[in-house]
file query.pdb (PDB, C-alpha atoms)
ATOM      1  CA  MET S   1      94.445  98.577   7.105
ATOM      2  CA  GLY S   2      91.568  97.019   9.003
ATOM      3  CA  GLU S   3      92.328  94.014  11.178
ATOM      4  CA  GLU S   4      89.947  91.349  12.381
ATOM      5  CA  GLN S   5      88.232  92.267  15.630
ATOM      6  CA  ARG S   6      89.494  89.950  18.347
ATOM      7  CA  LEU S   7      87.331  91.254  21.186
ATOM      8  CA  SER S   8      83.700  90.397  21.743
ATOM      9  CA  ALA S   9      81.183  93.146  21.021
ATOM     10  CA  GLN S  10      80.784  94.077  24.667
ATOM     11  CA  GLU S  11      84.542  93.918  25.289
ATOM     12  CA  GLN S  12      85.120  96.204  22.292
ATOM     13  CA  LEU S  13      82.564  98.736  23.508
ATOM     14  CA  ALA S  14      83.771  98.597  27.116
ATOM     15  CA  THR S  15      87.406  98.976  26.058
ATOM     16  CA  ALA S  16      86.489 101.915  23.816
ATOM     17  CA  ARG S  17      84.635 103.628  26.654
ATOM     18  CA  GLU S  18      87.613 103.168  28.984
ATOM     19  CA  GLY S  19      89.861 104.606  26.278
ATOM     20  CA  PHE S  20      87.743 107.738  25.991
ATOM     21  CA  GLU S  21      87.511 108.182  29.766
ATOM     22  CA  GLY S  22      91.307 108.112  29.970
ATOM     23  CA  GLY S  23      91.891 109.927  26.684
ATOM     24  CA  THR S  24      93.667 113.182  25.900
ATOM     25  CA  ASP S  25      91.923 116.203  24.457
ATOM     26  CA  PHE S  26      92.799 117.567  21.028
ATOM     27  CA  THR S  27      95.460 115.192  19.850
ATOM     28  CA  VAL S  28      95.135 114.827  16.082
ATOM     29  CA  ALA S  29      95.905 112.324  13.330
ATOM     30  CA  VAL S  30      95.340 112.630   9.584
ATOM     31  CA  GLU S  31      94.838 109.910   6.969
ATOM     32  CA  GLU S  32      95.158 110.682   3.239
ATOM     33  CA  GLU S  33      94.283 108.266   0.428
ATOM     34  CA  PHE S  34      96.103 108.437  -2.907
ATOM     35  CA  ALA S  35      95.558 106.877  -6.325
ATOM     36  CA  LEU S  36      98.478 104.955  -7.841
ATOM     37  CA  LEU S  37      98.792 105.986 -11.482
ATOM     38  CA  ASP S  38     100.696 105.037 -14.611
ATOM     39  CA  PRO S  39     102.778 108.136 -15.487
ATOM     40  CA  ASP S  40     101.966 107.942 -19.218
ATOM     41  CA  THR S  41      98.270 107.063 -19.282
ATOM     42  CA  LEU S  42      97.377 108.340 -15.780
ATOM     43  CA  LEU S  43      95.234 105.234 -15.377
ATOM     44  CA  LEU S  44      94.911 103.497 -12.030
ATOM     45  CA  VAL S  45      97.395 100.632 -11.674
ATOM     46  CA  ASN S  46      97.141  97.725  -9.225
ATOM     47  CA  ARG S  47     100.565  98.084  -7.602
ATOM     48  CA  PHE S  48     100.024  98.711  -3.899
ATOM     49  CA  GLU S  49     101.958  95.569  -2.999
ATOM     50  CA  ASP S  50     104.995  96.955  -4.890
ATOM     51  CA  VAL S  51     104.757 100.199  -2.932
ATOM     52  CA  GLN S  52     104.367  98.309   0.332
ATOM     53  CA  ALA S  53     107.422  96.149  -0.432
ATOM     54  CA  ALA S  54     109.484  99.235  -1.306
ATOM     55  CA  ALA S  55     108.506 100.853   2.012
ATOM     56  CA  ARG S  56     109.765  97.964   4.144
ATOM     57  CA  GLY S  57     112.629  99.054   6.345
ATOM     58  CA  THR S  58     111.992 102.764   5.669
ATOM     59  CA  ASP S  59     110.550 105.423   7.977
ATOM     60  CA  LEU S  60     107.283 105.273   6.030
ATOM     61  CA  GLU S  61     106.616 101.564   6.631
ATOM     62  CA  PRO S  62     104.499 101.889   9.831
ATOM     63  CA  ASP S  63     102.439 104.730   8.371
ATOM     64  CA  LEU S  64     101.638 103.235   4.951
ATOM     65  CA  VAL S  65      98.541 101.038   4.666
ATOM     66  CA  GLY S  66      96.386  99.489   1.977
ATOM     67  CA  GLU S  67      92.847 100.719   1.494
ATOM     68  CA  LEU S  68      90.539  98.302  -0.348
ATOM     69  CA  ILE S  69      91.884  98.412  -3.905
ATOM     70  CA  ALA S  70      95.403  97.653  -5.077
ATOM     71  CA  SER S  71      95.552 100.935  -7.005
ATOM     72  CA  GLU S  72      95.326 102.949  -3.777
ATOM     73  CA  ALA S  73      97.691 103.754  -0.911
ATOM     74  CA  GLU S  74      96.986 105.514   2.371
ATOM     75  CA  VAL S  75      99.484 107.412   4.491
ATOM     76  CA  ARG S  76      98.912 108.406   8.105
ATOM     77  CA  THR S  77     100.500 111.013  10.320
ATOM     78  CA  GLY S  78     100.024 108.919  13.423
ATOM     79  CA  LYS S  79      99.014 110.545  16.705
ATOM     80  CA  CYS S  80     100.225 114.142  16.949
ATOM     81  CA  ALA S  81     100.176 116.311  20.060
ATOM     82  CA  ASP S  82      98.883 119.378  18.206
ATOM     83  CA  PHE S  83      97.899 120.521  14.760
ATOM     84  CA  SER S  84     101.223 122.128  13.871
ATOM     85  CA  GLN S  85     102.890 118.719  14.266
ATOM     86  CA  ALA S  86     100.178 117.078  12.151
ATOM     87  CA  ALA S  87     100.511 119.689   9.378
ATOM     88  CA  ALA S  88     104.283 119.196   9.232
ATOM     89  CA  THR S  89     103.895 115.411   9.210
ATOM     90  CA  MET S  90     101.430 115.628   6.305
ATOM     91  CA  VAL S  91     104.213 117.269   4.259
ATOM     92  CA  GLU S  92     106.631 114.527   5.265
ATOM     93  CA  ARG S  93     104.235 111.655   4.490
ATOM     94  CA  ARG S  94     103.328 112.988   1.049
ATOM     95  CA  GLY S  95     107.005 113.429   0.245
ATOM     96  CA  GLN S  96     107.876 109.921   1.397
ATOM     97  CA  LEU S  97     105.085 108.323  -0.637
ATOM     98  CA  GLN S  98     105.871 110.419  -3.694
ATOM     99  CA  ALA S  99     109.542 109.384  -3.547
ATOM    100  CA  LEU S 100     108.607 105.691  -3.329
ATOM    101  CA  ALA S 101     106.159 106.038  -6.190
ATOM    102  CA  HIS S 102     108.726 107.833  -8.349
ATOM    103  CA  ASP S 103     111.287 105.069  -7.826
ATOM    104  CA  LEU S 104     108.665 102.519  -8.923
ATOM    105  CA  GLY S 105     107.706 104.468 -12.048
ATOM    106  CA  LEU S 106     104.386 105.632 -10.590
ATOM    107  CA  VAL S 107     102.729 108.965  -9.962
ATOM    108  CA  LEU S 108     100.067 109.864  -7.398
ATOM    109  CA  GLY S 109      96.585 111.294  -7.718
ATOM    110  CA  SER S 110      94.344 112.643  -4.986
ATOM    111  CA  THR S 111      90.860 113.593  -6.057
ATOM    112  CA  GLY S 112      87.713 112.011  -4.647
ATOM    113  CA  THR S 113      87.360 109.789  -7.717
ATOM    114  CA  HIS S 114      89.522 108.929 -10.713
ATOM    115  CA  PRO S 115      88.031 110.712 -13.745
ATOM    116  CA  TRP S 116      87.922 107.806 -16.165
ATOM    117  CA  ALA S 117      89.279 104.535 -14.705
ATOM    118  CA  ARG S 118      86.866 101.578 -14.739
ATOM    119  CA  TRP S 119      85.978 100.019 -11.417
ATOM    120  CA  GLN S 120      85.946  96.629 -13.179
ATOM    121  CA  ASP S 121      89.724  96.893 -13.685
ATOM    122  CA  GLN S 122      90.600  97.363 -10.011
ATOM    123  CA  ARG S 123      91.618  94.492  -7.730
ATOM    124  CA  ILE S 124      90.643  94.174  -4.069
ATOM    125  CA  ILE S 125      93.804  93.773  -1.966
ATOM    126  CA  ASP S 126      94.285  90.337  -0.477
ATOM    127  CA  THR S 127      93.899  90.846   3.274
ATOM    128  CA  PRO S 128      91.430  89.132   5.629
ATOM    129  CA  HIS S 129      89.691  92.455   6.338
ATOM    130  CA  TYR S 130      89.077  93.373   2.716
ATOM    131  CA  ARG S 131      88.207  89.801   1.747
ATOM    132  CA  ARG S 132      85.447  89.985   4.381
ATOM    133  CA  ASN S 133      84.245  93.315   2.984
ATOM    134  CA  ASP S 134      84.259  91.847  -0.517
ATOM    135  CA  GLU S 135      82.187  88.851   0.603
ATOM    136  CA  LEU S 136      79.796  91.032   2.591
ATOM    137  CA  LEU S 137      79.199  93.968   0.231
ATOM    138  CA  ARG S 138      79.997  92.629  -3.254
ATOM    139  CA  TYR S 139      78.944  95.234  -5.889
ATOM    140  CA  VAL S 140      78.850  98.022  -3.299
ATOM    141  CA  VAL S 141      82.515  97.528  -2.422
ATOM    142  CA  TRP S 142      83.581  96.878  -6.029
ATOM    143  CA  ARG S 143      82.263 100.295  -7.045
ATOM    144  CA  ASN S 144      84.043 102.081  -4.209
ATOM    145  CA  ASN S 145      87.078 103.350  -6.134
ATOM    146  CA  THR S 146      87.196 106.555  -4.084
ATOM    147  CA  PHE S 147      89.807 108.583  -2.233
ATOM    148  CA  GLY S 148      89.175 110.511   0.963
ATOM    149  CA  LEU S 149      90.684 112.549   3.758
ATOM    150  CA  HIS S 150      90.043 111.586   7.405
ATOM    151  CA  VAL S 151      90.869 113.462  10.608
ATOM    152  CA  HIS S 152      90.937 111.970  14.121
ATOM    153  CA  VAL S 153      90.625 114.372  17.054
ATOM    154  CA  GLY S 154      91.240 113.194  20.611
ATOM    155  CA  ILE S 155      88.286 113.832  22.915
ATOM    156  CA  ARG S 156      88.401 112.984  26.622
ATOM    157  CA  GLY S 157      85.274 111.404  28.086
ATOM    158  CA  ALA S 158      82.884 108.926  26.476
ATOM    159  CA  ASP S 159      79.704 111.022  26.850
ATOM    160  CA  ARG S 160      81.626 114.096  25.743
ATOM    161  CA  ALA S 161      82.855 112.308  22.605
ATOM    162  CA  ILE S 162      79.278 111.413  21.675
ATOM    163  CA  ALA S 163      78.176 115.029  22.263
ATOM    164  CA  VAL S 164      80.980 116.276  19.992
ATOM    165  CA  CYS S 165      79.962 113.761  17.309
ATOM    166  CA  ASN S 166      76.366 114.914  17.615
ATOM    167  CA  ALA S 167      77.411 118.537  17.119
ATOM    168  CA  LEU S 168      79.795 117.839  14.233
ATOM    169  CA  ARG S 169      76.957 116.193  12.272
ATOM    170  CA  ASN S 170      75.627 119.681  11.640
ATOM    171  CA  PHE S 171      78.798 120.811   9.849
ATOM    172  CA  LEU S 172      79.332 117.796   7.592
ATOM    173  CA  PRO S 173      77.593 119.315   4.533
ATOM    174  CA  GLU S 174      79.769 122.437   4.733
ATOM    175  CA  LEU S 175      82.923 120.355   5.064
ATOM    176  CA  LEU S 176      81.938 118.331   2.023
ATOM    177  CA  ALA S 177      81.172 121.487   0.037
ATOM    178  CA  LEU S 178      84.634 122.857   0.828
ATOM    179  CA  SER S 179      86.386 119.593  -0.040
ATOM    180  CA  ALA S 180      84.437 118.402  -3.113
ATOM    181  CA  SER S 181      86.946 117.336  -5.781
ATOM    182  CA  SER S 182      85.211 114.609  -7.783
ATOM    183  CA  PRO S 183      82.969 115.885 -10.584
ATOM    184  CA  PHE S 184      84.320 113.305 -13.058
ATOM    185  CA  VAL S 185      83.985 109.532 -12.693
ATOM    186  CA  GLU S 186      83.987 106.546 -15.076
ATOM    187  CA  ASP S 187      84.598 108.850 -18.052
ATOM    188  CA  VAL S 188      81.488 110.903 -17.281
ATOM    189  CA  ASN S 189      80.991 114.485 -16.188
ATOM    190  CA  SER S 190      78.646 113.566 -13.360
ATOM    191  CA  GLY S 191      77.095 116.992 -12.947
ATOM    192  CA  LEU S 192      77.990 116.668  -9.259
ATOM    193  CA  HIS S 193      80.744 118.281  -7.242
ATOM    194  CA  SER S 194      81.307 115.076  -5.247
ATOM    195  CA  ALA S 195      80.580 111.875  -7.137
ATOM    196  CA  ARG S 196      82.607 110.161  -4.395
ATOM    197  CA  THR S 197      79.866 110.887  -1.885
ATOM    198  CA  GLU S 198      77.227 109.264  -4.090
ATOM    199  CA  ILE S 199      79.419 106.194  -4.628
ATOM    200  CA  PHE S 200      80.596 105.711  -1.039
ATOM    201  CA  THR S 201      78.289 107.543   1.341
ATOM    202  CA  ARG S 202      75.066 106.718  -0.497
ATOM    203  CA  MET S 203      75.850 103.069  -1.282
ATOM    204  CA  PHE S 204      77.528 101.761   1.865
ATOM    205  CA  PRO S 205      75.382 100.690   4.815
ATOM    206  CA  ARG S 206      75.740 102.627   8.081
ATOM    207  CA  CYS S 207      77.298 105.511   6.203
ATOM    208  CA  GLY S 208      76.663 109.234   5.753
ATOM    209  CA  ILE S 209      75.295 111.410   8.545
ATOM    210  CA  PRO S 210      74.532 109.288  11.630
ATOM    211  CA  ASP S 211      71.784 109.832  14.160
ATOM    212  CA  ALA S 212      72.472 111.824  17.295
ATOM    213  CA  TYR S 213      72.798 109.611  20.371
ATOM    214  CA  ASP S 214      71.857 110.142  24.005
ATOM    215  CA  GLY S 215      75.351 109.895  25.421
ATOM    216  CA  TRP S 216      77.543 106.820  25.369
ATOM    217  CA  ALA S 217      74.696 104.694  26.718
ATOM    218  CA  GLY S 218      72.520 105.478  23.702
ATOM    219  CA  PHE S 219      75.386 104.831  21.299
ATOM    220  CA  ASP S 220      76.324 101.589  23.079
ATOM    221  CA  GLU S 221      72.705 100.399  22.951
ATOM    222  CA  TYR S 222      72.461 100.862  19.192
ATOM    223  CA  VAL S 223      75.879  99.399  18.344
ATOM    224  CA  SER S 224      75.149  96.439  20.642
ATOM    225  CA  LEU S 225      71.930  95.868  18.687
ATOM    226  CA  LEU S 226      73.913  95.838  15.435
ATOM    227  CA  TYR S 227      76.281  93.212  16.864
ATOM    228  CA  ARG S 228      73.464  91.178  18.418
ATOM    229  CA  THR S 229      71.538  90.986  15.139
ATOM    230  CA  ARG S 230      74.792  90.273  13.234
ATOM    231  CA  SER S 231      74.257  93.379  11.156
ATOM    232  CA  ILE S 232      77.931  93.994  11.925
ATOM    233  CA  THR S 233      80.645  91.616  13.085
ATOM    234  CA  GLU S 234      83.399  94.189  13.702
ATOM    235  CA  HIS S 235      83.507  97.870  14.553
ATOM    236  CA  THR S 236      85.118  98.838  11.235
ATOM    237  CA  GLN S 237      81.713  98.178   9.609
ATOM    238  CA  LEU S 238      80.465 101.489  11.050
ATOM    239  CA  TRP S 239      81.248 103.779   8.115
ATOM    240  CA  TRP S 240      79.515 106.974   9.283
ATOM    241  CA  SER S 241      80.892 110.316   8.107
ATOM    242  CA  VAL S 242      81.615 111.192  11.729
ATOM    243  CA  ARG S 243      82.047 108.535  14.389
ATOM    244  CA  PRO S 244      83.565 107.817  17.781
ATOM    245  CA  HIS S 245      86.345 105.439  16.883
ATOM    246  CA  LEU S 246      86.187 102.167  18.785
ATOM    247  CA  ALA S 247      89.909 101.407  18.562
ATOM    248  CA  TYR S 248      91.268 104.865  19.457
ATOM    249  CA  PRO S 249      89.777 107.501  21.816
ATOM    250  CA  THR S 250      89.110 109.890  18.935
ATOM    251  CA  VAL S 251      86.245 111.400  17.039
ATOM    252  CA  GLU S 252      86.895 110.688  13.350
ATOM    253  CA  ILE S 253      85.595 113.015  10.622
ATOM    254  CA  ARG S 254      85.365 111.154   7.289
ATOM    255  CA  ILE S 255      83.245 113.297   4.963
ATOM    256  CA  CYS S 256      85.902 114.970   2.803
ATOM    257  CA  ASP S 257      87.017 114.154  -0.736
ATOM    258  CA  GLY S 258      90.742 113.645  -1.273
ATOM    259  CA  GLN S 259      92.704 116.830  -1.936
ATOM    260  CA  PRO S 260      95.251 117.235  -4.743
ATOM    261  CA  ASP S 261      96.747 120.358  -3.155
ATOM    262  CA  LEU S 262      98.714 119.959   0.090
ATOM    263  CA  ALA S 263      97.891 123.428   1.433
ATOM    264  CA  GLU S 264      94.173 122.901   0.867
ATOM    265  CA  SER S 265      94.361 119.525   2.579
ATOM    266  CA  GLN S 266      96.110 121.076   5.564
ATOM    267  CA  SER S 267      93.526 123.879   5.690
ATOM    268  CA  LEU S 268      90.602 121.453   5.653
ATOM    269  CA  CYS S 269      92.213 119.380   8.395
ATOM    270  CA  ALA S 270      92.771 122.533  10.461
ATOM    271  CA  LEU S 271      89.099 123.447  10.076
ATOM    272  CA  MET S 272      87.920 119.973  11.129
ATOM    273  CA  TYR S 273      90.269 120.030  14.100
ATOM    274  CA  ALA S 274      89.107 123.501  15.122
ATOM    275  CA  LEU S 275      85.431 122.560  14.800
ATOM    276  CA  ALA S 276      85.872 119.521  17.033
ATOM    277  CA  ALA S 277      87.743 121.556  19.642
ATOM    278  CA  ARG S 278      85.168 124.367  19.464
ATOM    279  CA  CYS S 279      82.302 121.909  19.997
ATOM    280  CA  ALA S 280      84.065 120.333  22.980
ATOM    281  CA  ARG S 281      84.753 123.702  24.577
ATOM    282  CA  ALA S 282      81.195 124.901  23.964
ATOM    283  CA  LEU S 283      79.956 121.763  25.695
ATOM    284  CA  ASP S 284      82.261 122.400  28.671
ATOM    285  CA  GLU S 285      81.060 125.996  28.978
ATOM    286  CA  GLY S 286      77.377 125.118  28.778
ATOM    287  CA  GLU S 287      76.890 126.753  25.388
ATOM    288  CA  PRO S 288      74.065 125.162  23.367
ATOM    289  CA  LEU S 289      75.365 122.936  20.563
ATOM    290  CA  PRO S 290      73.657 122.878  17.159
ATOM    291  CA  ASN S 291      71.095 120.141  16.561
ATOM    292  CA  LEU S 292      69.502 120.455  13.133
ATOM    293  CA  PRO S 293      66.831 117.905  12.159
ATOM    294  CA  ASN S 294      67.968 115.105   9.875
ATOM    295  CA  ARG S 295      65.776 116.350   7.022
ATOM    296  CA  LEU S 296      67.737 119.643   6.898
ATOM    297  CA  LEU S 297      71.100 117.910   7.186
ATOM    298  CA  GLU S 298      70.191 115.544   4.335
ATOM    299  CA  GLU S 299      69.042 118.466   2.186
ATOM    300  CA  ASN S 300      72.244 120.372   2.941
ATOM    301  CA  LEU S 301      74.303 117.272   2.128
ATOM    302  CA  TRP S 302      72.610 116.923  -1.244
ATOM    303  CA  ARG S 303      73.239 120.615  -1.978
ATOM    304  CA  ALA S 304      76.927 120.079  -1.184
ATOM    305  CA  ILE S 305      77.087 116.986  -3.416
ATOM    306  CA  ARG S 306      75.354 118.776  -6.292
TER
END
call {"tool": "encode", "arguments": {"input": "query.pdb", "output": "structure tokens"}}
result
Amino acid sequence: MGEEQRLSAQEQLATAREGFEGGTDFTVAVEEEFALLDPDTLLLVNRFEDVQAAARGTDLEPDLVGELIASEAEVRTGKCADFSQAAATMVERRGQLQALAHDLGLVLGSTGTHPWARWQDQRIIDTPHYRRNDELLRYVVWRNNTFGLHVHVGIRGADRAIAVCNALRNFLPELLALSASSPFVEDVNSGLHSARTEIFTRMFPRCGIPDAYDGWAGFDEYVSLLYRTRSITEHTQLWWSVRPHLAYPTVEIRICDGQPDLAESQSLCALMYALAARCARALDEGEPLPNLPNRLLEENLWRAIR
């Protein structure tokens, strides 16, 4: 759950850089978003607060967070030393959330979009972070009833993290194509494989495939401009599909639709983890990293969506 940024823009960027310089390679954390459903109608139900209350005092409490709408819950593995630990923790987190939901008379869904629920019936959760998003984005955030899968990979070195982000941009369309799980939305067969990407990635500002940056200095210069012009007021307003995270020394890959099947979710996470590690090692060994022009990446992204 996003918290208000307490550091100034320059303090946030400087702290993030220090974090990367002292970071650890190839740690991993996974975040999965789930729909909260009525077991009879399978409609979205606004009951996150009930789930959160039921989790208090349990092992799941620190790893359960709200994510925009009250009919959604996110579980996190937390920082894992390697992928085998992350994969095992994904099993544990899903089981914990499913048990809580069952006791509350709920079931879970995990596709990129709900097939027929109306966005007008969903409630934004009442936290300072999401109230700010609601005030800032209005219709854009109201429509974002989507469910995704995010992977954080630890990368040591600020310039190296930017280089890994730059390289991973080239693989985002393939990752989306492998993960696409949202052909149905708002009671319509969208004709797309990932309606979620059109709703979230195409509507949100500073979203989708980012530019490549000339090291940390180039990234810092652009993000500082966004702060200076008050285009953003906190780092969580950078919604790119791959980004250096400014609160943790990780590269976060955010392109994938939510996955109903645990094994497929684990496999996608393993692929994202392996790609990040492969890019970092190629960089260390002086191997050229891919750098496709934006026009080809955008065309490939559309092909994956469609």
call {"tool": "closest_atom_pairs", "arguments": {"input": "query.pdb", "of": "segment 231-264 of chain S", "to": "segment 141-159 of chain S", "cutoff": "8 Å", "atoms": "only C-alpha atoms", "output": "CSV"}}
result
residue,atom,partner,partner_atom,distance
S:Pro249,CA,S:Gly154,CA,6.0
S:Thr250,CA,S:Gly154,CA,4.3
S:Val251,CA,S:Val153,CA,5.3
S:Glu252,CA,S:His152,CA,4.3
S:Ile253,CA,S:Val151,CA,5.3
S:Arg254,CA,S:His150,CA,4.7
S:Ile255,CA,S:His150,CA,7.4
S:Cys256,CA,S:Leu149,CA,5.4
S:Asp257,CA,S:Gly148,CA,4.6
S:Gly258,CA,S:Gly148,CA,4.2
S:Gln259,CA,S:Leu149,CA,7.4
call {"tool": "resolve_selection", "arguments": {"input": "query.pdb", "expression": "the PyMOL selection byres ((chain S and resi 198) around 12)", "output": "PyMOL selection string"}}
result
chain S and resi 112-113+140+143-146+176+180+182-183+185+190-197+199-204+207-208+255+257+301-302+304-306
call {"tool": "closest_residue", "arguments": {"input": "query.pdb", "among": "S:Ala167, S:Leu136, S:Leu275, S:Ala16", "to": "Arg230 of chain S", "atoms": "all atoms listed in the file"}}
result
S:Leu136
call {"tool": "atom_distance", "arguments": {"input": "query.pdb", "atom1": "atom CA of Leu226 of chain S", "atom2": "atom CA of Leu172 of chain S"}}
result
23.9 Å
call {"tool": "closest_residue", "arguments": {"input": "query.pdb", "among": "S:Leu104, S:Arg206, S:Glu135, S:Asp38", "to": "Ala53 of chain S", "atoms": "only C-alpha atoms"}}
result
S:Leu104
call {"tool": "closest_residue", "arguments": {"input": "query.pdb", "among": "S:Ile124, S:Met90, S:Leu37, S:Ala277", "to": "Glu264 of chain S", "atoms": "only C-alpha atoms"}}
result
S:Met90
call {"tool": "axis_aligned_box", "arguments": {"input": "query.pdb", "around": "segment 228-245 of chain S", "padding_each_side": "3 Å", "output": "AutoDock Vina command-line options"}}
result
--center_x 78.9 --center_y 100.7 --center_z 13.3 --size_x 20.8 --size_y 26.9 --size_z 16.3
